[in-house]
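Raw upload_5.cif, mmCIF, C-alpha atoms and all ligand atoms:
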data_input
loop_
_atom_site.label_atom_id
_atom_site.label_comp_id
_atom_site.auth_asym_id
_atom_site.auth_seq_id
_atom_site.Cartn_x
_atom_site.Cartn_y
_atom_site.Cartn_z
CA MET Z 1 -22.81 35.37 4.34
CA ARG Z 2 -22.71 31.89 5.82
CA ARG Z 3 -20.93 29.35 3.69
CA GLU Z 4 -20.92 25.61 3.98
CA PRO Z 5 -17.46 24.26 4.77
CA HIS Z 6 -15.76 22.84 1.70
CA VAL Z 7 -14.50 19.35 2.57
CA ILE Z 8 -11.85 17.66 0.42
CA ASP Z 9 -11.18 13.92 0.43
CA LEU Z 10 -8.05 12.79 -1.40
CA PRO Z 11 -6.32 9.48 -2.09
CA LYS Z 12 -3.54 8.78 0.41
CA LYS Z 13 -1.13 7.08 -1.92
CA ILE Z 14 -0.66 7.17 -5.69
CA ILE Z 15 1.83 4.87 -7.40
CA VAL Z 16 2.46 5.13 -11.14
CA GLY Z 17 5.24 3.13 -12.77
CA MET Z 18 6.53 -0.06 -14.33
CA ASN Z 19 5.69 -3.34 -12.56
CA VAL Z 20 4.00 -1.60 -9.65
CA LEU Z 21 1.21 -4.19 -9.52
CA TRP Z 22 3.42 -6.03 -7.04
CA GLU Z 23 3.06 -3.11 -4.63
CA ILE Z 24 -0.58 -3.98 -3.84
CA PRO Z 25 0.06 -6.06 -0.66
CA LYS Z 26 2.64 -3.54 0.57
CA VAL Z 27 0.22 -0.64 0.13
CA ILE Z 28 -2.54 -2.54 1.96
CA GLN Z 29 -0.12 -3.15 4.82
CA GLU Z 30 1.32 0.37 4.91
CA LEU Z 31 -2.10 2.01 4.97
CA ARG Z 32 -3.27 -0.58 7.57
CA LEU Z 33 -6.24 -1.50 5.46
CA GLY Z 34 -6.68 -4.96 7.04
CA LYS Z 35 -6.32 -8.60 6.07
CA LYS Z 36 -9.46 -9.46 4.12
CA VAL Z 37 -9.45 -8.29 0.54
CA LEU Z 38 -12.28 -8.45 -1.98
CA ILE Z 39 -10.98 -8.10 -5.53
CA ILE Z 40 -13.52 -6.89 -8.08
CA THR Z 41 -12.29 -7.42 -11.60
CA GLY Z 42 -13.37 -8.26 -15.14
CA PRO Z 43 -13.00 -11.64 -16.88
CA ASN Z 44 -10.54 -10.35 -19.50
CA VAL Z 45 -8.33 -8.50 -17.08
CA TRP Z 46 -8.30 -11.44 -14.71
CA GLY Z 47 -7.19 -13.68 -17.56
CA LEU Z 48 -4.29 -11.30 -18.09
CA VAL Z 49 -3.08 -10.62 -14.55
CA GLY Z 50 -5.02 -13.10 -12.39
CA ASN Z 51 -2.10 -15.48 -11.93
CA THR Z 52 0.25 -12.70 -10.90
CA VAL Z 53 -2.27 -11.27 -8.44
CA GLU Z 54 -3.01 -14.70 -6.92
CA GLU Z 55 0.70 -15.34 -6.53
CA MET Z 56 1.32 -12.04 -4.75
CA MET Z 57 -1.75 -12.37 -2.54
CA SER Z 58 -0.83 -15.90 -1.48
CA SER Z 59 2.73 -14.93 -0.63
CA SER Z 60 1.56 -12.07 1.59
CA ASN Z 61 -0.70 -13.12 4.41
CA VAL Z 62 -3.98 -11.68 3.23
CA ILE Z 63 -7.22 -13.56 2.75
CA TYR Z 64 -8.82 -12.71 -0.55
CA GLU Z 65 -11.82 -13.42 -2.70
CA VAL Z 66 -12.33 -12.57 -6.35
CA SER Z 67 -15.60 -11.38 -7.91
CA LYS Z 68 -15.78 -10.94 -11.65
CA VAL Z 69 -18.15 -8.41 -13.15
CA SER Z 70 -18.87 -7.87 -16.81
CA ARG Z 71 -21.42 -5.06 -16.91
CA PRO Z 72 -21.30 -1.72 -15.09
CA THR Z 73 -24.93 -1.86 -14.01
CA LEU Z 74 -26.64 -0.96 -10.76
CA SER Z 75 -28.14 -4.45 -10.53
CA GLU Z 76 -24.74 -6.10 -10.89
CA ALA Z 77 -23.37 -3.80 -8.18
CA GLU Z 78 -26.34 -4.54 -5.91
CA ALA Z 79 -25.87 -8.30 -6.38
CA LEU Z 80 -22.35 -7.99 -5.00
CA HIS Z 81 -23.69 -6.75 -1.67
CA GLU Z 82 -24.40 -10.39 -0.89
CA VAL Z 83 -20.72 -11.28 -1.39
CA LEU Z 84 -19.80 -8.29 0.74
CA ASN Z 85 -22.11 -9.34 3.60
CA LYS Z 86 -20.83 -12.92 3.56
CA PHE Z 87 -17.10 -12.26 3.20
CA LEU Z 88 -16.98 -9.00 5.21
CA PRO Z 89 -13.82 -7.62 3.60
CA ASP Z 90 -11.65 -4.92 5.18
CA VAL Z 91 -10.77 -3.47 1.80
CA ILE Z 92 -12.08 -3.67 -1.76
CA ILE Z 93 -9.78 -3.60 -4.78
CA GLY Z 94 -11.16 -2.48 -8.13
CA LEU Z 95 -8.88 -4.07 -10.71
CA GLY Z 96 -9.55 -3.39 -14.38
CA GLY Z 97 -10.91 -0.75 -16.73
CA GLY Z 98 -13.90 1.39 -15.91
CA LYS Z 99 -16.46 -1.28 -15.00
CA PRO Z 100 -14.86 -3.13 -12.07
CA ILE Z 101 -13.58 0.16 -10.67
CA ASP Z 102 -16.98 1.85 -10.87
CA ILE Z 103 -18.56 -1.11 -9.12
CA ALA Z 104 -15.84 -1.22 -6.45
CA LYS Z 105 -16.30 2.51 -5.91
CA TYR Z 106 -20.06 2.14 -5.57
CA LEU Z 107 -19.76 -0.73 -3.08
CA SER Z 108 -17.18 1.18 -1.11
CA ALA Z 109 -19.46 4.22 -0.91
CA SER Z 110 -22.49 2.22 0.16
CA SER Z 111 -20.67 0.05 2.73
CA GLY Z 112 -18.02 2.44 4.04
CA ILE Z 113 -15.27 -0.10 3.24
CA PRO Z 114 -12.21 1.63 1.72
CA PHE Z 115 -11.20 0.79 -1.82
CA VAL Z 116 -8.00 0.71 -3.81
CA SER Z 117 -8.11 1.56 -7.51
CA VAL Z 118 -5.87 -0.53 -9.77
CA PRO Z 119 -6.61 0.71 -13.30
CA THR Z 120 -5.50 -1.49 -16.19
CA THR Z 121 -6.52 0.97 -18.91
CA SER Z 122 -6.02 4.65 -19.52
CA SER Z 123 -9.21 5.23 -21.47
CA HIS Z 124 -10.98 7.69 -19.11
CA ASP Z 125 -10.66 9.52 -15.82
CA GLY Z 126 -13.20 7.49 -13.88
CA VAL Z 127 -10.29 5.35 -12.66
CA ALA Z 128 -9.75 7.56 -9.65
CA SER Z 129 -12.62 10.06 -9.55
CA PRO Z 130 -14.93 10.27 -6.53
CA PHE Z 131 -17.95 9.35 -8.68
CA ALA Z 132 -19.22 5.97 -9.82
CA SER Z 133 -21.11 5.92 -13.08
CA LEU Z 134 -23.41 2.95 -13.45
CA ARG Z 135 -26.03 2.04 -16.01
CA GLY Z 136 -29.52 1.09 -15.01
CA GLY Z 137 -33.10 1.84 -15.95
CA GLY Z 138 -32.06 3.14 -19.37
CA LYS Z 139 -29.78 5.84 -18.04
CA ILE Z 140 -26.37 6.46 -16.55
CA THR Z 141 -26.38 7.32 -12.89
CA SER Z 142 -23.44 9.19 -11.45
CA VAL Z 143 -23.30 8.20 -7.80
CA PRO Z 144 -21.19 10.33 -5.45
CA ALA Z 145 -18.56 8.07 -3.90
CA LYS Z 146 -15.37 8.40 -1.90
CA PRO Z 147 -12.08 8.61 -3.79
CA PRO Z 148 -9.88 5.50 -3.59
CA VAL Z 149 -7.53 5.39 -0.59
CA ALA Z 150 -4.80 4.40 -3.02
CA ILE Z 151 -4.25 4.28 -6.76
CA ILE Z 152 -1.79 1.80 -8.22
CA ALA Z 153 -1.28 2.27 -11.98
CA ASP Z 154 1.05 -0.25 -13.59
CA LEU Z 155 2.29 1.20 -16.88
CA ASN Z 156 3.40 -2.23 -18.16
CA ILE Z 157 -0.15 -3.51 -17.95
CA ILE Z 158 -1.79 -0.32 -19.20
CA ALA Z 159 0.56 -0.29 -22.21
CA LEU Z 160 -0.73 -3.77 -23.21
CA ALA Z 161 -4.15 -2.34 -24.08
CA PRO Z 162 -4.94 -1.69 -27.76
CA SER Z 163 -3.54 1.68 -28.89
CA ARG Z 164 -7.06 3.02 -29.45
CA VAL Z 165 -7.94 2.40 -25.80
CA ILE Z 166 -4.77 4.06 -24.53
CA LYS Z 167 -5.19 7.11 -26.74
CA ALA Z 168 -8.86 7.54 -25.80
CA GLY Z 169 -7.67 8.78 -22.40
CA ALA Z 170 -6.01 11.73 -24.14
CA GLY Z 171 -9.42 12.62 -25.63
CA ASP Z 172 -10.97 12.57 -22.16
CA LEU Z 173 -8.22 14.97 -21.02
CA ILE Z 174 -8.56 17.39 -23.95
CA ALA Z 175 -12.22 17.67 -22.86
CA LYS Z 176 -11.14 19.68 -19.80
CA PHE Z 177 -10.75 22.79 -21.98
CA THR Z 178 -14.49 23.04 -22.62
CA ALA Z 179 -15.52 21.47 -19.29
CA VAL Z 180 -13.81 24.33 -17.43
CA LEU Z 181 -15.34 26.96 -19.75
CA ASP Z 182 -18.80 25.48 -19.11
CA TRP Z 183 -18.13 25.51 -15.38
CA ARG Z 184 -17.14 29.20 -15.45
CA LEU Z 185 -20.27 29.98 -17.44
CA ALA Z 186 -22.45 28.17 -14.90
CA HIS Z 187 -20.72 30.15 -12.16
CA ARG Z 188 -21.35 33.49 -13.86
CA LEU Z 189 -24.89 32.82 -15.00
CA LYS Z 190 -26.21 30.50 -12.33
CA GLY Z 191 -24.12 31.37 -9.30
CA GLU Z 192 -22.76 27.85 -9.14
CA TYR Z 193 -19.73 27.18 -6.94
CA TYR Z 194 -16.50 27.50 -8.94
CA GLY Z 195 -13.02 26.69 -7.66
CA ASP Z 196 -10.21 28.13 -9.72
CA TYR Z 197 -7.57 25.86 -8.20
CA SER Z 198 -9.29 22.64 -9.28
CA ALA Z 199 -10.17 24.21 -12.65
CA GLN Z 200 -6.50 25.06 -13.24
CA LEU Z 201 -5.46 21.57 -12.20
CA ALA Z 202 -7.85 20.03 -14.73
CA LEU Z 203 -6.63 22.43 -17.43
CA LEU Z 204 -3.04 21.55 -16.62
CA SER Z 205 -3.62 17.91 -17.60
CA ALA Z 206 -5.25 19.01 -20.89
CA LYS Z 207 -2.34 21.34 -21.67
CA HIS Z 208 0.11 18.60 -20.80
CA VAL Z 209 -1.55 16.37 -23.41
CA VAL Z 210 -1.27 19.15 -26.02
CA ASN Z 211 2.42 19.65 -25.25
CA SER Z 212 3.09 15.90 -25.26
CA SER Z 213 0.98 14.97 -28.29
CA ASP Z 214 3.99 13.65 -30.21
CA LEU Z 215 5.00 11.35 -27.36
CA ILE Z 216 1.40 10.17 -27.06
CA SER Z 217 1.03 9.53 -30.79
CA LYS Z 218 4.09 7.25 -30.68
CA LEU Z 219 2.67 5.50 -27.63
CA SER Z 220 6.03 5.58 -25.92
CA VAL Z 221 6.07 4.66 -22.23
CA GLU Z 222 6.47 8.35 -21.46
CA GLY Z 223 3.44 9.10 -23.62
CA VAL Z 224 1.37 6.53 -21.74
CA ARG Z 225 2.62 8.02 -18.48
CA VAL Z 226 1.44 11.51 -19.53
CA ILE Z 227 -2.06 10.14 -20.09
CA VAL Z 228 -2.17 8.11 -16.86
CA GLU Z 229 -0.83 10.93 -14.72
CA GLY Z 230 -3.21 13.37 -16.42
CA LEU Z 231 -6.19 11.12 -15.68
CA ILE Z 232 -5.17 10.83 -12.05
CA SER Z 233 -4.66 14.55 -11.73
CA SER Z 234 -8.05 15.19 -13.35
CA SER Z 235 -9.57 12.81 -10.78
CA VAL Z 236 -7.84 14.74 -8.01
CA ALA Z 237 -9.27 17.97 -9.48
CA MET Z 238 -12.73 16.40 -9.11
CA CYS Z 239 -11.93 15.44 -5.50
CA ILE Z 240 -10.92 19.03 -4.77
CA ALA Z 241 -13.94 20.53 -6.52
CA GLY Z 242 -16.28 18.03 -4.89
CA SER Z 243 -17.97 17.54 -8.27
CA SER Z 244 -17.12 16.35 -11.76
CA ARG Z 245 -17.44 19.96 -13.02
CA PRO Z 246 -13.72 20.50 -13.80
CA ALA Z 247 -13.69 17.31 -15.89
CA SER Z 248 -17.04 17.13 -17.59
CA GLY Z 249 -19.13 19.69 -19.48
CA SER Z 250 -21.11 19.99 -22.71
CA GLU Z 251 -18.63 17.76 -24.61
CA HIS Z 252 -19.48 14.95 -22.16
CA LEU Z 253 -23.22 15.62 -22.52
CA PHE Z 254 -22.78 15.24 -26.29
CA SER Z 255 -20.96 11.93 -25.80
CA HIS Z 256 -23.62 10.57 -23.42
CA ALA Z 257 -26.33 11.61 -25.89
CA LEU Z 258 -24.47 9.81 -28.68
CA ASP Z 259 -24.30 6.69 -26.49
CA PHE Z 260 -28.08 6.67 -26.24
CA ILE Z 261 -28.67 7.38 -29.90
CA ALA Z 262 -26.07 5.07 -31.40
CA ASN Z 263 -25.64 2.55 -28.53
CA TYR Z 264 -22.08 3.28 -27.36
CA PRO Z 265 -20.60 3.57 -30.87
CA ALA Z 266 -16.99 4.44 -29.94
CA LEU Z 267 -14.86 4.87 -26.83
CA HIS Z 268 -15.85 7.49 -24.27
CA GLY Z 269 -12.64 9.49 -24.72
CA GLU Z 270 -12.97 9.38 -28.53
CA GLN Z 271 -16.50 10.74 -28.39
CA VAL Z 272 -15.78 13.52 -25.89
CA GLY Z 273 -12.78 14.50 -28.04
CA VAL Z 274 -15.09 15.14 -31.00
CA GLY Z 275 -17.50 16.86 -28.61
CA THR Z 276 -14.68 19.15 -27.48
CA ILE Z 277 -14.06 20.30 -31.07
CA MET Z 278 -17.69 21.35 -31.46
CA MET Z 279 -18.15 22.86 -27.99
CA SER Z 280 -14.94 24.87 -28.29
CA TYR Z 281 -16.41 26.36 -31.49
CA LEU Z 282 -19.49 27.42 -29.50
CA HIS Z 283 -17.28 28.89 -26.78
CA GLY Z 284 -15.38 30.90 -29.40
CA MET Z 285 -12.21 28.96 -28.64
CA GLU Z 286 -9.60 27.85 -31.16
CA TRP Z 287 -11.44 24.71 -32.19
CA ARG Z 288 -9.05 24.08 -35.12
CA ARG Z 289 -6.20 23.73 -32.67
CA ILE Z 290 -8.14 21.11 -30.68
CA LYS Z 291 -8.85 19.26 -33.91
CA ARG Z 292 -5.19 19.37 -34.96
CA VAL Z 293 -4.03 17.95 -31.62
CA LEU Z 294 -6.59 15.13 -31.73
CA ARG Z 295 -5.47 14.31 -35.29
CA ARG Z 296 -1.82 14.36 -34.34
CA ILE Z 297 -2.50 11.91 -31.51
CA GLY Z 298 -4.52 9.68 -33.84
CA LEU Z 299 -7.94 10.23 -32.29
CA PRO Z 300 -11.18 10.52 -34.31
CA THR Z 301 -12.29 14.01 -35.37
CA THR Z 302 -15.28 13.18 -37.59
CA ALA Z 303 -18.58 11.30 -37.45
CA LYS Z 304 -17.19 8.81 -39.93
CA GLU Z 305 -14.17 8.09 -37.76
CA LEU Z 306 -16.46 7.58 -34.76
CA GLY Z 307 -18.44 5.10 -36.86
CA VAL Z 308 -21.71 7.03 -36.62
CA LYS Z 309 -24.04 8.58 -39.17
CA ASP Z 310 -24.05 12.36 -39.63
CA VAL Z 311 -27.64 12.50 -38.45
CA ASP Z 312 -26.67 10.76 -35.18
CA VAL Z 313 -24.22 13.56 -34.41
CA ILE Z 314 -26.89 16.19 -35.15
CA ASN Z 315 -29.50 14.43 -33.04
CA ALA Z 316 -27.02 13.96 -30.17
CA LEU Z 317 -26.26 17.68 -30.28
CA THR Z 318 -29.95 18.55 -30.07
CA MET Z 319 -30.62 16.28 -27.07
CA ALA Z 320 -27.35 16.80 -25.14
CA HIS Z 321 -28.77 19.56 -22.89
CA LYS Z 322 -31.44 17.15 -21.61
CA ILE Z 323 -28.95 14.52 -20.35
CA ARG Z 324 -28.20 16.24 -17.04
CA THR Z 325 -30.51 19.19 -16.65
CA GLU Z 326 -28.80 20.37 -13.45
CA ARG Z 327 -25.54 20.76 -15.39
CA TYR Z 328 -25.68 24.18 -17.06
CA THR Z 329 -23.39 24.48 -20.10
CA ILE Z 330 -22.93 26.49 -23.30
CA LEU Z 331 -25.88 24.51 -24.70
CA GLY Z 332 -28.16 26.47 -22.40
CA GLU Z 333 -31.52 25.34 -21.08
CA SER Z 334 -33.24 24.93 -24.43
CA GLY Z 335 -30.34 23.33 -26.31
CA LEU Z 336 -29.65 23.53 -30.04
CA THR Z 337 -32.20 23.40 -32.83
CA TYR Z 338 -31.67 20.80 -35.55
CA GLU Z 339 -30.53 23.52 -37.95
CA ALA Z 340 -28.07 25.02 -35.45
CA ALA Z 341 -26.70 21.58 -34.62
CA GLU Z 342 -26.23 20.72 -38.28
CA LYS Z 343 -24.48 24.02 -38.92
CA LEU Z 344 -22.18 23.48 -35.92
CA ALA Z 345 -21.20 19.96 -37.01
CA LYS Z 346 -20.61 21.13 -40.59
CA GLU Z 347 -18.60 24.23 -39.67
CA THR Z 348 -16.29 22.12 -37.53
CA GLU Z 349 -16.08 19.49 -40.30
CA VAL Z 350 -17.32 16.75 -38.01
CA ILE Z 351 -19.88 15.95 -40.68
CA ASP Z 352 -19.73 16.57 -44.47
ZN ZN Z 401 -14.83 11.56 -19.24
#
Could you write out this structure as structure tokens?
Ligand SMILES: [Zn+2]
Amino acid sequence: MRREPHVIDLPKKIIVGMNVLWEIPKVIQELRLGKKVLIITGPNVWGLVGNTVEEMMSSSNVIYEVSKVSRPTLSEAEALHEVLNKFLPDVIIGLGGGKPIDIAKYLSASSGIPFVSVPTTSSHDGVASPFASLRGGGKITSVPAKPPVAIIADLNIIALAPSRVIKAGAGDLIAKFTAVLDWRLAHRLKGEYYGDYSAQLALLSAKHVVNSSDLISKLSVEGVRVIVEGLISSSVAMCIAGSSRPASGSEHLFSHALDFIANYPALHGEQVGVGTIMMSYLHGMEWRRIKRVLRRIGLPTTAKELGVKDVDVINALTMAHKIRTERYTILGESGLTYEAAEKLAKETEVID
């Protein structure tokens, strides 16, 4: 049987540590990325680290320009093409949480210019994944992109984020338990490609969160490091798999559905955490254990804690299978009925 070659693109350099923001110019030089740098960032992040970045850029001999983005939309990303064509950068830096990085990733993919990911939050694993998710036309589009050539994660900056934001990343990592089960199911039932190595790598970061839940709940530097390293390793698992399969399954579909129904009610990682409780019940996994770990960390486990109505959770469960029809999961092709969804949410005590 003829098989397509499986090509893996990986980041060349990953730096995680205290005060590593200052490594940016050195990394650009070491990887011979060029002299003209376009920094894509958000207004809040720039307010926080802008001075430091300007200082380090000026003292190294790079030419740089800064573009601030506030919404992760396709139109905002498209508008930046003009800046790209005028400035003609050698390298793009995505500096911030999800939005600037998703936009940098998208621009990098469409222009072929390499990009460096400098995450300032640990709320989800998009910070280094080879996919850009952008909003537009009433839906989220996941655009295949190249992974960053380098990832520079400064724990000092990431630790400044509100505790909720930091902990949300742990929820996004716990999700790998059900994401991998969904992937295996799609392999068995639909003949989809499955790679056990990348699946194990994704699971490893979820297990690491379980084993380090006390450290994470205290938000010690080591706890933050567990989350950040887990998010990077989950991104690498996606690079190896060539899809987001090892990182995203039915629990993510539930979260996306909830975003549409309740207009982004809580953080991504918080929502997928609750989704993981319910989907692990459907998979016949120890859902109580998942719930206990989320509680121990201080993440939401109920509709109330997510700030949504019970009926929103039920409706999200019934429409989750329609979010990405090509992504086969435990929800099947016809999804859950209202009654089944209600029963699931009640059994797992997500709703009263
Ligand atoms: Zn996620």
Next item on the list: Taking the point (-9.6, 23.3, -38.8) as given in the file, collect each protein or nucleic acid residue that comes within 12 Å of it, counting all atoms listed in the file, and present the set as JSON, numbers by chain.
Entry: {"Z": [277, 278, 280, 281, 285, 286, 287, 288, 289, 290, 291, 292, 293, 294, 295, 301, 302, 346, 347, 348, 349, 350]}
Next item on the list: Check the smallest atom-to-atom distance from each of Z:Lys322, Z:His124, Z:His208, Z:His283 to ligand ZN 401 (chain Z) using all atoms listed in the file, then report the winner.
Entry: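 Looking only at the distances to ligand ZN 401 (chain Z), the closest residue turns out to be Z:His124.
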Note to self: So the first atom is CA of Ser110 (chain Z) and the second is CA of Leu80 (chain Z); what is the distance between them in Å, to one decimal place?
What the structure shows: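 One can read the CA of Ser110 (chain Z) to CA of Leu80 (chain Z) distance as 11.4 Å.
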Checklist line | Of the listed residues Z:Lys309, Z:Leu181, Z:Leu317, Z:Phe131, that which approaches ligand ZN 401 (chain Z) most closely, counting all atoms listed in the file | finding: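 For ligand ZN 401 (chain Z), the nearest of the given residues is Z:Phe131.
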Next item on the list: Select, from Z:Ile174, Z:Ala77, Z:Val49, Z:Ala316, the residue with the minimum atom-to-atom distance to Ser213 (chain Z), counting only C-alpha atoms.
Entry: Z:Ile174
